[in-house]
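The next block is query.csv, given as CSV, C-alpha atoms.
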```
chain,number,residue,atom,x,y,z
A,780,MET,CA,-27.3,78.6,70.2
A,781,ARG,CA,-25.5,81.5,68.7
A,782,SER,CA,-27.7,82.8,66.0
A,783,ARG,CA,-31.3,83.3,65.0
A,784,HIS,CA,-30.7,80.8,62.2
A,785,ALA,CA,-29.4,78.2,64.7
A,786,ALA,CA,-32.5,78.7,66.8
A,787,ALA,CA,-34.8,78.2,63.8
A,788,GLU,CA,-32.9,75.0,62.9
A,789,ARG,CA,-33.3,73.5,66.3
A,790,ALA,CA,-37.0,74.5,66.5
A,791,ALA,CA,-37.5,72.4,63.3
A,792,ALA,CA,-35.4,69.6,64.6
A,793,GLY,CA,-36.9,69.1,68.0
A,794,GLY,CA,-36.5,72.0,70.4
A,795,LEU,CA,-33.6,73.3,72.4
A,796,LEU,CA,-31.9,70.7,74.7
A,797,ARG,CA,-35.2,68.8,75.0
A,798,GLU,CA,-33.5,65.8,76.5
A,799,ARG,CA,-32.7,67.8,79.6
A,800,PHE,CA,-36.4,67.9,80.6
A,801,PRO,CA,-37.3,64.4,81.9
A,802,ILE,CA,-41.1,64.9,81.9
A,803,LEU,CA,-41.1,65.4,78.1
A,804,GLY,CA,-40.3,61.7,77.8
A,805,ARG,CA,-43.6,60.5,79.3
A,806,SER,CA,-46.8,59.7,77.5
A,807,VAL,CA,-50.4,61.1,78.0
A,808,ASN,CA,-53.3,58.9,77.1
A,809,GLY,CA,-51.0,56.6,75.3
A,810,ARG,CA,-49.6,59.4,73.2
A,811,PRO,CA,-46.2,61.2,73.4
A,812,LEU,CA,-46.6,64.4,75.5
A,813,VAL,CA,-46.9,67.6,73.5
A,814,TYR,CA,-46.5,70.3,76.1
A,815,LEU,CA,-47.9,73.7,74.9
A,816,ASP,CA,-48.7,75.3,78.2
A,817,SER,CA,-45.4,77.0,79.1
A,818,ALA,CA,-47.0,80.4,79.8
A,819,ALA,CA,-48.8,78.7,82.7
A,820,THR,CA,-45.6,77.0,84.0
A,821,THR,CA,-42.5,75.8,82.2
A,822,GLN,CA,-41.2,72.3,82.7
A,823,LYS,CA,-38.1,71.8,84.8
A,824,PRO,CA,-34.7,70.6,83.6
A,825,GLU,CA,-33.0,67.7,85.4
A,826,ALA,CA,-30.5,70.1,86.9
A,827,VAL,CA,-33.2,72.0,88.7
A,828,ILE,CA,-34.9,68.8,90.0
A,829,ALA,CA,-31.5,67.5,91.2
A,830,ALA,CA,-30.6,70.7,92.9
A,831,GLU,CA,-33.8,70.8,94.9
A,832,ALA,CA,-33.5,67.1,95.9
A,833,ALA,CA,-29.8,67.7,96.9
A,834,TYR,CA,-30.8,70.4,99.3
A,835,TYR,CA,-33.2,68.1,101.1
A,836,ARG,CA,-30.7,65.3,101.0
A,837,THR,CA,-27.6,67.1,102.2
A,838,SER,CA,-28.3,70.7,103.5
A,839,ASN,CA,-31.8,70.8,104.9
A,840,ALA,CA,-31.9,73.5,107.6
A,841,ASN,CA,-33.4,76.9,108.3
A,842,VAL,CA,-31.6,80.0,107.1
A,843,HIS,CA,-30.0,82.9,108.9
A,844,ARG,CA,-30.5,81.2,112.3
A,845,GLY,CA,-28.6,78.0,113.1
A,846,LEU,CA,-25.0,78.4,114.0
A,847,HIS,CA,-24.1,75.0,112.6
A,848,THR,CA,-22.9,73.6,109.3
A,849,LEU,CA,-26.3,72.7,107.8
A,850,GLY,CA,-27.6,76.2,108.7
A,851,ASP,CA,-24.6,77.8,107.1
A,852,GLU,CA,-25.0,75.7,103.9
A,853,ALA,CA,-28.7,76.4,103.7
A,854,THR,CA,-28.1,80.2,104.1
A,855,ARG,CA,-25.4,80.1,101.5
A,856,LEU,CA,-27.7,78.4,99.0
A,857,TYR,CA,-30.6,80.8,99.8
A,858,GLU,CA,-28.5,83.9,99.5
A,859,GLY,CA,-26.8,82.4,96.4
A,860,CYS,CA,-30.2,82.5,94.7
A,861,ARG,CA,-30.6,86.2,95.5
A,862,SER,CA,-27.1,86.9,94.1
A,863,ALA,CA,-27.8,84.8,91.0
A,864,VAL,CA,-31.0,86.8,90.3
A,865,ALA,CA,-29.3,90.1,91.0
A,866,GLY,CA,-26.5,89.2,88.5
A,867,TRP,CA,-29.1,88.1,85.9
A,868,LEU,CA,-31.0,91.4,86.1
A,869,ALA,CA,-27.9,93.6,86.6
A,870,VAL,CA,-28.8,94.9,90.1
A,871,ALA,CA,-27.3,94.6,93.6
A,872,PRO,CA,-28.4,91.7,95.8
A,873,ALA,CA,-29.9,94.1,98.2
A,874,GLN,CA,-32.4,95.1,95.4
A,875,VAL,CA,-33.8,91.5,95.3
A,876,SER,CA,-36.5,90.3,97.7
A,877,ILE,CA,-37.3,86.6,97.6
A,878,GLN,CA,-41.1,86.0,97.8
A,879,ARG,CA,-43.4,83.0,97.4
A,880,SER,CA,-44.6,84.3,94.0
A,881,ALA,CA,-44.9,87.3,91.7
A,882,THR,CA,-48.5,87.6,93.0
A,883,ALA,CA,-47.3,87.8,96.6
A,884,ALA,CA,-44.8,90.5,95.5
A,885,ILE,CA,-47.5,92.6,93.9
A,886,ASN,CA,-49.7,92.3,97.0
A,887,LEU,CA,-46.7,93.4,99.1
A,888,VAL,CA,-46.4,96.6,97.0
A,889,ALA,CA,-50.1,97.3,97.0
A,890,ARG,CA,-50.1,97.2,100.8
A,891,GLY,CA,-46.6,98.5,101.4
A,892,TRP,CA,-47.1,101.7,99.4
A,893,ASP,CA,-50.4,102.5,101.1
A,894,HIS,CA,-48.9,105.2,103.4
A,895,HIS,CA,-47.9,107.3,100.3
A,896,LEU,CA,-51.5,107.6,99.1
A,897,LYS,CA,-54.4,109.8,100.0
A,898,ASP,CA,-58.1,109.6,99.2
A,899,GLY,CA,-58.8,110.8,95.6
A,900,ASP,CA,-55.4,109.6,94.2
A,901,ALA,CA,-55.5,107.3,91.2
A,902,ILE,CA,-54.0,104.1,90.1
A,903,LEU,CA,-53.4,103.2,86.4
A,904,VAL,CA,-53.5,99.6,85.1
A,905,THR,CA,-54.2,98.2,81.7
A,906,GLU,CA,-57.0,96.2,80.2
A,907,MET,CA,-54.7,93.3,79.4
A,908,GLU,CA,-53.4,92.7,82.9
A,909,HIS,CA,-53.3,89.3,84.5
A,910,HIS,CA,-55.6,89.3,87.6
A,911,ALA,CA,-52.5,89.2,89.8
A,912,ASN,CA,-51.7,92.7,88.5
A,913,PHE,CA,-55.3,93.9,88.5
A,914,VAL,CA,-57.1,92.6,91.6
A,915,PRO,CA,-54.6,93.9,94.2
A,916,TRP,CA,-54.9,97.4,92.8
A,917,GLN,CA,-58.7,97.1,92.7
A,918,MET,CA,-58.7,96.1,96.3
A,919,LEU,CA,-56.4,99.0,97.2
A,920,ALA,CA,-58.6,101.4,95.4
A,921,ALA,CA,-61.7,100.2,97.2
A,922,ARG,CA,-59.9,100.3,100.6
A,923,ARG,CA,-58.5,103.8,100.2
A,924,LYS,CA,-61.2,105.4,98.1
A,925,LEU,CA,-58.9,105.8,95.1
A,926,GLU,CA,-59.7,105.9,91.4
A,927,LEU,CA,-58.8,102.9,89.3
A,928,ARG,CA,-58.1,103.9,85.8
A,929,VAL,CA,-57.7,101.4,82.9
A,930,LEU,CA,-55.6,102.0,79.8
A,931,PRO,CA,-57.6,100.2,77.0
A,932,VAL,CA,-56.5,97.7,74.3
A,933,THR,CA,-56.9,98.4,70.6
A,934,ASP,CA,-58.6,96.0,68.2
A,935,GLY,CA,-55.1,95.0,67.1
A,936,GLY,CA,-54.3,93.7,70.6
A,937,GLU,CA,-51.9,96.5,71.7
A,938,LEU,CA,-52.2,99.2,74.3
A,939,ASP,CA,-54.0,102.4,73.1
A,940,LEU,CA,-51.2,104.8,73.9
A,941,ALA,CA,-53.2,107.6,72.4
A,942,ARG,CA,-55.3,107.5,75.6
A,943,LEU,CA,-52.3,107.7,77.9
A,944,ASP,CA,-52.2,111.5,78.1
A,945,ASP,CA,-55.8,111.6,79.1
A,946,LEU,CA,-55.4,109.0,81.8
A,947,LEU,CA,-51.9,109.8,83.2
A,948,ASP,CA,-52.0,113.0,85.2
A,949,GLY,CA,-50.7,114.3,88.5
A,950,ARG,CA,-53.4,112.4,90.4
A,951,VAL,CA,-52.0,109.0,89.3
A,952,LYS,CA,-49.6,107.7,92.0
A,953,ILE,CA,-49.1,104.1,90.8
A,954,VAL,CA,-48.8,102.7,87.3
A,955,ALA,CA,-48.8,98.9,87.1
A,956,ILE,CA,-48.3,97.2,83.7
A,957,GLY,CA,-47.4,93.8,82.4
A,958,HIS,CA,-44.4,93.5,80.1
A,959,VAL,CA,-45.8,90.7,78.0
A,960,SER,CA,-49.5,89.8,77.9
A,961,ASN,CA,-50.2,86.2,78.9
A,962,VAL,CA,-53.2,86.2,76.5
A,963,LEU,CA,-52.3,88.4,73.5
A,964,GLY,CA,-48.5,87.9,73.7
A,965,THR,CA,-48.2,91.6,73.2
A,966,VAL,CA,-44.8,93.1,74.2
A,967,ASN,CA,-45.6,96.4,75.8
A,968,PRO,CA,-43.4,99.5,75.6
A,969,VAL,CA,-42.8,99.5,79.4
A,970,ALA,CA,-39.8,101.8,79.3
A,971,GLU,CA,-41.8,104.5,77.5
A,972,ILE,CA,-44.8,104.2,79.8
A,973,CYS,CA,-42.6,104.1,83.0
A,974,GLY,CA,-40.8,107.2,81.8
A,975,ARG,CA,-44.0,109.1,81.3
A,976,ALA,CA,-45.3,107.9,84.6
A,977,ARG,CA,-42.2,109.1,86.4
A,978,ASP,CA,-42.7,112.6,84.8
A,979,VAL,CA,-46.0,112.9,86.8
A,980,GLY,CA,-44.4,111.4,90.0
A,981,ALA,CA,-46.1,108.0,89.9
A,982,LEU,CA,-44.6,104.8,91.2
A,983,THR,CA,-44.1,102.2,88.5
A,984,LEU,CA,-44.4,98.4,88.7
A,985,VAL,CA,-43.7,96.0,85.8
A,986,ASP,CA,-45.1,92.5,85.9
A,987,ALA,CA,-42.4,90.6,84.0
A,988,ALA,CA,-43.7,87.1,84.7
A,989,GLN,CA,-43.9,86.4,80.9
A,990,SER,CA,-40.6,88.1,79.9
A,991,VAL,CA,-37.9,87.3,82.5
A,992,GLY,CA,-36.2,84.2,81.3
A,993,HIS,CA,-37.6,84.5,77.8
A,994,ARG,CA,-35.5,87.4,76.4
A,995,PRO,CA,-32.5,89.4,77.5
A,996,LEU,CA,-33.7,91.8,80.2
A,997,ALA,CA,-31.9,94.0,82.7
A,998,PHE,CA,-34.0,95.7,85.4
A,999,ALA,CA,-32.8,99.1,84.2
A,1000,ASP,CA,-34.1,98.4,80.7
A,1001,THR,CA,-37.7,98.5,81.9
A,1002,GLY,CA,-37.5,102.0,83.4
A,1003,ALA,CA,-39.5,100.7,86.3
A,1004,ASP,CA,-39.3,101.4,90.0
A,1005,LEU,CA,-40.3,97.8,90.8
A,1006,LEU,CA,-40.4,94.6,88.9
A,1007,VAL,CA,-41.8,91.2,89.8
A,1008,PHE,CA,-41.5,87.7,88.3
A,1009,SER,CA,-41.8,84.0,89.2
A,1010,ALA,CA,-39.2,81.3,89.0
A,1011,HIS,CA,-41.6,78.7,87.7
A,1012,LYS,CA,-42.3,80.5,84.5
A,1013,CYS,CA,-38.6,80.4,83.6
A,1014,TYR,CA,-37.7,76.8,84.2
A,1015,GLY,CA,-37.3,77.1,88.0
A,1016,PRO,CA,-39.4,75.6,90.8
A,1017,MET,CA,-42.8,76.6,92.0
A,1018,GLY,CA,-43.4,78.6,95.1
A,1019,LEU,CA,-40.7,81.2,94.4
A,1020,GLY,CA,-41.1,84.7,93.2
A,1021,PHE,CA,-39.1,87.9,93.3
A,1022,LEU,CA,-39.5,91.7,93.9
A,1023,VAL,CA,-36.7,93.7,92.3
A,1024,GLY,CA,-36.6,97.5,92.9
A,1025,ARG,CA,-34.7,100.7,93.0
A,1026,PRO,CA,-33.0,101.0,96.5
A,1027,GLU,CA,-34.6,104.3,97.3
A,1028,VAL,CA,-38.1,102.9,96.5
A,1029,LEU,CA,-37.6,99.7,98.5
A,1030,ALA,CA,-36.5,101.8,101.4
A,1031,GLU,CA,-39.9,103.5,101.4
A,1032,LEU,CA,-41.9,100.3,101.1
A,1033,GLU,CA,-43.5,99.0,104.3
A,1034,PRO,CA,-43.5,95.2,105.0
A,1035,LEU,CA,-46.7,93.3,104.6
A,1036,GLU,CA,-46.1,90.5,107.0
A,1037,GLY,CA,-44.6,90.5,110.5
A,1038,GLY,CA,-42.8,87.7,112.2
A,1039,GLY,CA,-39.4,86.0,112.2
A,1040,GLU,CA,-36.6,87.1,109.9
A,1041,MET,CA,-38.0,90.5,109.0
A,1042,ILE,CA,-37.2,92.2,112.4
A,1043,GLU,CA,-34.2,94.0,113.8
A,1044,TRP,CA,-35.4,94.2,117.4
A,1045,VAL,CA,-38.6,93.2,119.1
A,1046,ARG,CA,-39.4,94.8,122.4
A,1047,LEU,CA,-42.7,95.0,124.4
A,1048,GLU,CA,-42.9,98.7,123.4
A,1049,GLY,CA,-42.5,98.1,119.6
A,1050,THR,CA,-40.5,96.5,116.8
A,1051,THR,CA,-37.9,97.8,114.3
A,1052,TRP,CA,-37.5,96.3,110.9
A,1053,ALA,CA,-34.5,94.5,109.4
A,1054,GLU,CA,-32.7,96.1,106.5
A,1055,VAL,CA,-34.0,95.8,103.0
A,1056,PRO,CA,-34.6,93.3,101.5
A,1057,HIS,CA,-34.9,91.1,104.6
A,1058,ARG,CA,-37.7,93.2,106.1
A,1059,PHE,CA,-40.0,91.8,103.3
A,1060,GLU,CA,-39.2,88.1,104.0
A,1061,ALA,CA,-41.1,87.1,107.1
A,1062,GLY,CA,-41.2,83.4,108.2
A,1063,THR,CA,-39.4,80.3,106.9
A,1064,PRO,CA,-38.8,80.7,103.2
A,1065,ASN,CA,-38.9,78.1,100.4
A,1066,VAL,CA,-35.2,77.4,100.8
A,1067,ALA,CA,-35.3,74.3,98.6
A,1068,ALA,CA,-36.8,76.2,95.6
A,1069,ALA,CA,-34.2,79.0,96.1
A,1070,ALA,CA,-31.4,76.4,96.1
A,1071,ALA,CA,-32.7,75.0,92.8
A,1072,PHE,CA,-33.4,78.2,90.8
A,1073,PRO,CA,-29.8,79.1,90.0
A,1074,ALA,CA,-29.6,75.9,88.0
A,1075,ALA,CA,-32.4,77.2,85.8
A,1076,ILE,CA,-30.6,80.5,85.4
A,1077,ALA,CA,-27.4,78.7,84.5
A,1078,LEU,CA,-29.2,76.7,81.8
A,1079,LEU,CA,-30.7,79.9,80.3
A,1080,GLU,CA,-27.3,81.6,80.4
A,1081,GLU,CA,-25.8,78.6,78.7
A,1082,LEU,CA,-28.4,78.8,75.9
A,1083,GLY,CA,-28.1,82.5,75.6
A,1084,LEU,CA,-31.3,84.6,76.2
A,1085,ALA,CA,-31.0,86.2,72.8
A,1086,ASP,CA,-31.2,82.8,71.2
A,1087,VAL,CA,-34.0,81.7,73.6
A,1088,ARG,CA,-35.9,84.8,72.4
A,1089,ALA,CA,-35.2,84.0,68.7
A,1090,HIS,CA,-36.4,80.4,69.2
A,1091,GLU,CA,-39.7,81.5,70.7
A,1092,GLN,CA,-40.2,84.1,68.1
A,1093,GLU,CA,-39.6,81.6,65.3
A,1094,LEU,CA,-42.1,79.2,66.8
A,1095,THR,CA,-44.6,81.9,67.3
A,1096,GLY,CA,-44.3,83.0,63.7
A,1097,TYR,CA,-44.7,79.4,62.6
A,1098,ALA,CA,-47.8,78.9,64.8
A,1099,LEU,CA,-49.4,82.1,63.5
A,1100,GLU,CA,-48.9,81.0,60.0
A,1101,LYS,CA,-50.3,77.5,60.5
A,1102,LEU,CA,-53.2,78.5,62.7
A,1103,ALA,CA,-54.2,81.4,60.3
A,1104,ALA,CA,-54.6,78.7,57.5
A,1105,LEU,CA,-57.5,77.1,59.5
A,1106,ASP,CA,-60.8,78.5,58.1
A,1107,GLY,CA,-62.7,80.6,60.6
A,1108,LEU,CA,-60.1,80.5,63.4
A,1109,VAL,CA,-59.8,83.9,65.2
A,1110,ILE,CA,-56.3,84.7,66.5
A,1111,PHE,CA,-55.8,87.5,69.0
A,1112,GLY,CA,-52.9,89.8,69.4
A,1113,PRO,CA,-50.3,91.4,67.0
A,1114,GLY,CA,-49.7,89.7,63.7
A,1115,ASP,CA,-46.0,90.4,63.8
A,1116,PRO,CA,-44.1,87.7,65.9
A,1117,ALA,CA,-41.4,90.3,66.7
A,1118,ARG,CA,-44.1,92.2,68.7
A,1119,ARG,CA,-45.1,89.1,70.7
A,1120,GLY,CA,-43.9,86.7,73.3
A,1121,GLY,CA,-43.9,82.9,72.8
A,1122,LEU,CA,-47.6,82.2,72.9
A,1123,VAL,CA,-50.7,82.4,70.7
A,1124,SER,CA,-54.4,82.6,71.9
A,1125,PHE,CA,-57.2,81.9,69.6
A,1126,HIS,CA,-61.0,81.1,69.3
A,1127,ASP,CA,-62.5,78.5,67.1
A,1128,PRO,CA,-66.2,79.2,66.5
A,1129,GLN,CA,-66.7,75.6,65.7
A,1130,VAL,CA,-65.3,74.2,69.0
A,1131,HIS,CA,-65.6,75.6,72.5
A,1132,PRO,CA,-62.1,76.1,74.1
A,1133,HIS,CA,-62.9,73.6,76.9
A,1134,ASP,CA,-64.0,71.0,74.4
A,1135,LEU,CA,-61.0,71.6,72.2
A,1136,SER,CA,-58.7,71.3,75.2
A,1137,THR,CA,-60.3,68.0,76.1
A,1138,ILE,CA,-59.9,66.5,72.7
A,1139,LEU,CA,-56.3,67.7,72.4
A,1140,ASP,CA,-55.5,66.2,75.8
A,1141,GLN,CA,-56.8,62.8,74.5
A,1142,LEU,CA,-54.2,63.2,71.8
A,1143,GLY,CA,-51.5,64.0,74.3
A,1144,ILE,CA,-51.4,67.7,73.6
A,1145,ALA,CA,-51.5,70.1,76.6
A,1146,VAL,CA,-52.9,73.6,76.0
A,1147,ARG,CA,-54.6,76.1,78.2
A,1148,ALA,CA,-58.3,76.8,77.8
A,1149,GLY,CA,-60.3,79.5,79.7
A,1150,HIS,CA,-59.9,83.2,80.6
A,1151,HIS,CA,-56.3,82.8,81.6
A,1152,CYS,CA,-56.8,85.0,84.7
A,1153,ALA,CA,-57.6,87.9,82.4
A,1154,GLN,CA,-61.4,88.3,82.4
A,1155,PRO,CA,-61.5,92.0,81.7
A,1156,LEU,CA,-59.4,91.4,78.6
A,1157,HIS,CA,-61.7,88.6,77.4
A,1158,ARG,CA,-64.7,90.8,77.7
A,1159,ARG,CA,-62.9,93.3,75.5
A,1160,LEU,CA,-62.2,90.6,73.0
A,1161,GLY,CA,-65.8,89.6,73.0
A,1162,VAL,CA,-65.3,86.0,74.1
A,1163,VAL,CA,-65.7,84.1,77.3
A,1164,ALA,CA,-62.6,82.0,76.8
A,1165,THR,CA,-59.8,81.3,74.4
A,1166,THR,CA,-57.4,78.5,73.8
A,1167,ARG,CA,-53.8,79.3,74.3
A,1168,ALA,CA,-50.7,77.5,73.0
A,1169,SER,CA,-47.4,78.6,74.6
A,1170,PHE,CA,-43.8,77.7,73.9
A,1171,GLY,CA,-40.6,77.0,75.7
A,1172,VAL,CA,-37.0,76.2,74.8
A,1173,TYR,CA,-38.0,72.5,74.4
A,1174,THR,CA,-40.9,73.2,72.0
A,1175,ALA,CA,-40.5,71.9,68.4
A,1176,ARG,CA,-42.2,72.8,65.1
A,1177,ASP,CA,-43.7,69.3,64.8
A,1178,GLU,CA,-45.6,69.9,68.1
A,1179,ILE,CA,-47.3,72.9,66.5
A,1180,ASP,CA,-48.1,70.7,63.5
A,1181,ALA,CA,-49.6,68.2,66.0
A,1182,LEU,CA,-51.7,71.1,67.5
A,1183,VAL,CA,-53.1,72.0,64.1
A,1184,ALA,CA,-53.9,68.4,63.3
A,1185,GLY,CA,-55.6,68.1,66.7
A,1186,ILE,CA,-57.8,71.1,66.0
A,1187,LEU,CA,-58.9,69.5,62.8
A,1188,GLU,CA,-59.7,66.3,64.7
A,1189,ALA,CA,-61.8,68.2,67.2
A,1190,ARG,CA,-63.7,69.9,64.4
A,1191,LYS,CA,-64.6,66.4,63.1
A,1192,VAL,CA,-66.2,65.6,66.5
A,1193,PHE,CA,-68.0,68.9,67.1
A,1194,ALA,CA,-68.7,70.2,63.6
A,1195,PRO,CA,-68.8,67.2,61.3
```
Would you write the structure of this file as structure tokens?
Amino acid sequence: MRSRHAAAERAAAGGLLRERFPILGRSVNGRPLVYLDSAATTQKPEAVIAAEAAYYRTSNANVHRGLHTLGDEATRLYEGCRSAVAGWLAVAPAQVSIQRSATAAINLVARGWDHHLKDGDAILVTEMEHHANFVPWQMLAARRKLELRVLPVTDGGELDLARLDDLLDGRVKIVAIGHVSNVLGTVNPVAEICGRARDVGALTLVDAAQSVGHRPLAFADTGADLLVFSAHKCYGPMGLGFLVGRPEVLAELEPLEGGGEMIEWVRLEGTTWAEVPHRFEAGTPNVAAAAAFPAAIALLEELGLADVRAHEQELTGYALEKLAALDGLVIFGPGDPARRGGLVSFHDPQVHPHDLSTILDQLGIAVRAGHHCAQPLHRRLGVVATTRASFGVYTARDEIDALVAGILEARKVFAP
């Protein structure tokens, strides 16, 4: 992939390197699998599957502990993941903490920044946040008697930046914002918001779970103090997430968990912490997942993230066009695919999302139905649930055609 035109051609022809993803060759309910749920988790290429299996077959040992060959190999693989992520996001390895998920990383920050807060301070989040970037701050606000402020969403599915001046003042000590909405697809201006937050002295955290691996992105581009993402949403294994931060901010963050690996010295009188980032990595980590994730990074670098982004944008534009042609279908989020990530959420007044998902599954089509861990946003949209189709490097145009045909089939059942 070396151009937007090439990405569009491959989208029409059958996706990008589809043959490298073995699960896509299976059938569901006697139909070829059409996987349109990549925002929930991406499928895994053979190289990732093989790398995780190879760790267990040849190098299974705990890390940073055993002075033997297997322990050295496991440690090299684990730290190799940290280095690969660092190179990917253009930071130093010491700026990357390996966590079990993006959710775990956000909870670490919500607890670990506690000592910088006082009663009456405020936290600013947005109305479109995934629960993972909403509930931990809600819990922190309740625990510390803080004010939780919410930046609203416009009718067009974008953040109401006109309200930012009213909400972002010197009392705000933390600003947490998603880069790309997992419901609306909206690409938020995180660099602008983080810059304005820094002007009032607030810590900034960007949830990049829907953007890392889907577009070119260096940590510095976000303007954030801290960034989180998960491996499984960018073609890597489950059970692996990352916290990336500015060195001076990470140095001020307290660990959430205590135990092995995160200590320097333990004495009866007290304990001292290991250096950043190891102080945030208590217990035995998911070494197998860490050993496998660099294979996903290598695949995305081979494809070229600019072309991955072009592919998703082309598919999103095609999906918006085809879905908009269905009478009565309500599509949420910006109408311009350049302002969206690779997903489309919609509501069909004729078929409940759960019923629609069931019918589509019978046709071999996997979509997501529900509130997508974003209930405050769905209340703003005026619906209990939506149906979401989301795309990956393996998604082809004809799969979107299959989705449209499946919606029409469901309408025959529920609204004959």
**Prompt:** If you count only C-alpha atoms, which residues fall within 8 Å of stretch 827-839 of chain A, apart from same-chain ones fewer than 2 positions away, as a VMD selection string?
**Reply:** chain A and resid 823 to 825 841 849 to 850 852 to 853 1014 to 1016 1067 to 1068 1070 to 1075
**Request:** Provide the atom CA of A:Gly1112 to atom CA of A:Thr882 distance in Å, to one decimal place.
**Result:**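 Between atom CA of A:Gly1112 and atom CA of A:Thr882 the gap is 24.1 Å.
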**Request:** Counting all atoms listed in the file, select every polymer residue within 10 Å of (-52.2, 74.7, 66.0) as defined in the file's coordinates, and provide the selection as a list of chain:residue names.
**Result:** A:Leu815, A:Tyr1097, A:Ala1098, A:Leu1099, A:Glu1100, A:Lys1101, A:Leu1102, A:Ala1103, A:Ala1104, A:Leu1105, A:Val1123, A:Phe1125, A:Arg1167, A:Ala1168, A:Glu1178, A:Ile1179, A:Asp1180, A:Ala1181, A:Leu1182, A:Val1183, A:Ala1184, A:Gly1185, A:Ile1186, A:Leu1187
Restricting it to C-alpha atoms, dump the selection as a PDB file, in the frame of the given file.
```pdb
ATOM      1  CA  LEU A 815     -47.900  73.700  74.900  1.00  0.00           C
ATOM      2  CA  TYR A1097     -44.700  79.400  62.600  1.00  0.00           C
ATOM      3  CA  ALA A1098     -47.800  78.900  64.800  1.00  0.00           C
ATOM      4  CA  LEU A1099     -49.400  82.100  63.500  1.00  0.00           C
ATOM      5  CA  GLU A1100     -48.900  81.000  60.000  1.00  0.00           C
ATOM      6  CA  LYS A1101     -50.300  77.500  60.500  1.00  0.00           C
ATOM      7  CA  LEU A1102     -53.200  78.500  62.700  1.00  0.00           C
ATOM      8  CA  ALA A1103     -54.200  81.400  60.300  1.00  0.00           C
ATOM      9  CA  ALA A1104     -54.600  78.700  57.500  1.00  0.00           C
ATOM     10  CA  LEU A1105     -57.500  77.100  59.500  1.00  0.00           C
ATOM     11  CA  VAL A1123     -50.700  82.400  70.700  1.00  0.00           C
ATOM     12  CA  PHE A1125     -57.200  81.900  69.600  1.00  0.00           C
ATOM     13  CA  ARG A1167     -53.800  79.300  74.300  1.00  0.00           C
ATOM     14  CA  ALA A1168     -50.700  77.500  73.000  1.00  0.00           C
ATOM     15  CA  GLU A1178     -45.600  69.900  68.100  1.00  0.00           C
ATOM     16  CA  ILE A1179     -47.300  72.900  66.500  1.00  0.00           C
ATOM     17  CA  ASP A1180     -48.100  70.700  63.500  1.00  0.00           C
ATOM     18  CA  ALA A1181     -49.600  68.200  66.000  1.00  0.00           C
ATOM     19  CA  LEU A1182     -51.700  71.100  67.500  1.00  0.00           C
ATOM     20  CA  VAL A1183     -53.100  72.000  64.100  1.00  0.00           C
ATOM     21  CA  ALA A1184     -53.900  68.400  63.300  1.00  0.00           C
ATOM     22  CA  GLY A1185     -55.600  68.100  66.700  1.00  0.00           C
ATOM     23  CA  ILE A1186     -57.800  71.100  66.000  1.00  0.00           C
ATOM     24  CA  LEU A1187     -58.900  69.500  62.800  1.00  0.00           C
TER      25      LEU A1187
END
```
**Atomic separation - atom CA of A:Val1066 relative to atom CA of A:Phe800, Å** =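 These atoms are spaced 22.4 Å apart.
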**Request:** Compare A:Val914, A:Ala871, A:Ile953, A:Val932 by their minimum atom-to-atom distance to A:Asp893, counting all atoms listed in the file, and give me the closest one.
**Result:** A:Ile953
**Item:** For atom CA of A:Ser1169 and atom CA of A:His1150, the interatomic separation in Å (one decimal)
**Value:** 14.6 Å
**Request:** Name the residues in contact with A:Asp816 at a cut-off of 10 Å, using all atoms listed in the file, excluding same-chain residues fewer than 4 positions from it; report them as a list in words.
**Result:**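 Residues meeting the cut-off are Thr820, Thr821, Gln822, Leu1122, Ile1144, Ala1145, Val1146, Arg1147, Ala1148, Arg1167, Ala1168, Ser1169, Phe1170 and Gly1171 of chain A.
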Show me, as JSON lines, the residues of stretch 1081-1143 of chain A having an atom within 12 Å of stretch 1153-1163 of chain A, each with the closest atom pair and its distance in Å, using all atoms listed in the file.
```
{"residue": "A:Val1109", "atom": "CA", "partner": "A:Leu1160", "partner_atom": "CA", "distance": 10.6}
{"residue": "A:Ile1110", "atom": "CA", "partner": "A:Leu1160", "partner_atom": "CA", "distance": 10.6}
{"residue": "A:Phe1111", "atom": "CA", "partner": "A:Leu1160", "partner_atom": "CA", "distance": 8.2}
{"residue": "A:Gly1112", "atom": "CA", "partner": "A:Leu1160", "partner_atom": "CA", "distance": 10.0}
{"residue": "A:Ser1124", "atom": "CA", "partner": "A:His1157", "partner_atom": "CA", "distance": 10.9}
{"residue": "A:Phe1125", "atom": "CA", "partner": "A:Val1162", "partner_atom": "CA", "distance": 10.1}
{"residue": "A:His1126", "atom": "CA", "partner": "A:Val1162", "partner_atom": "CA", "distance": 8.1}
{"residue": "A:Asp1127", "atom": "CA", "partner": "A:Val1162", "partner_atom": "CA", "distance": 10.6}
{"residue": "A:Pro1128", "atom": "CA", "partner": "A:Val1162", "partner_atom": "CA", "distance": 10.2}
{"residue": "A:His1131", "atom": "CA", "partner": "A:Val1163", "partner_atom": "CA", "distance": 9.8}
{"residue": "A:Pro1132", "atom": "CA", "partner": "A:Val1163", "partner_atom": "CA", "distance": 9.3}
{"residue": "A:His1133", "atom": "CA", "partner": "A:Val1163", "partner_atom": "CA", "distance": 10.9}
```
**Message:** When you look at A:Ile1076 with a cut-off of 12 Å (counting all atoms listed in the file), what residues show up, excluding the ones that are within fewer than 3 positions of it in the same chain? I need them as a ChimeraX atom specification.
**Reply:** /A:823-824,826-827,859-868,991-993,1010-1016,1069-1073,1079-1084
**Request:** Within 6 Å of stretch 1041-1050 of chain A, counting all atoms listed in the file, which residues show up once you throw out same-chain ones fewer than 5 positions away? Write them as a list in words, please.
**Result:**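 Everything that qualifies: His1057, Arg1058, Glu1060 and Ala1061 of chain A.
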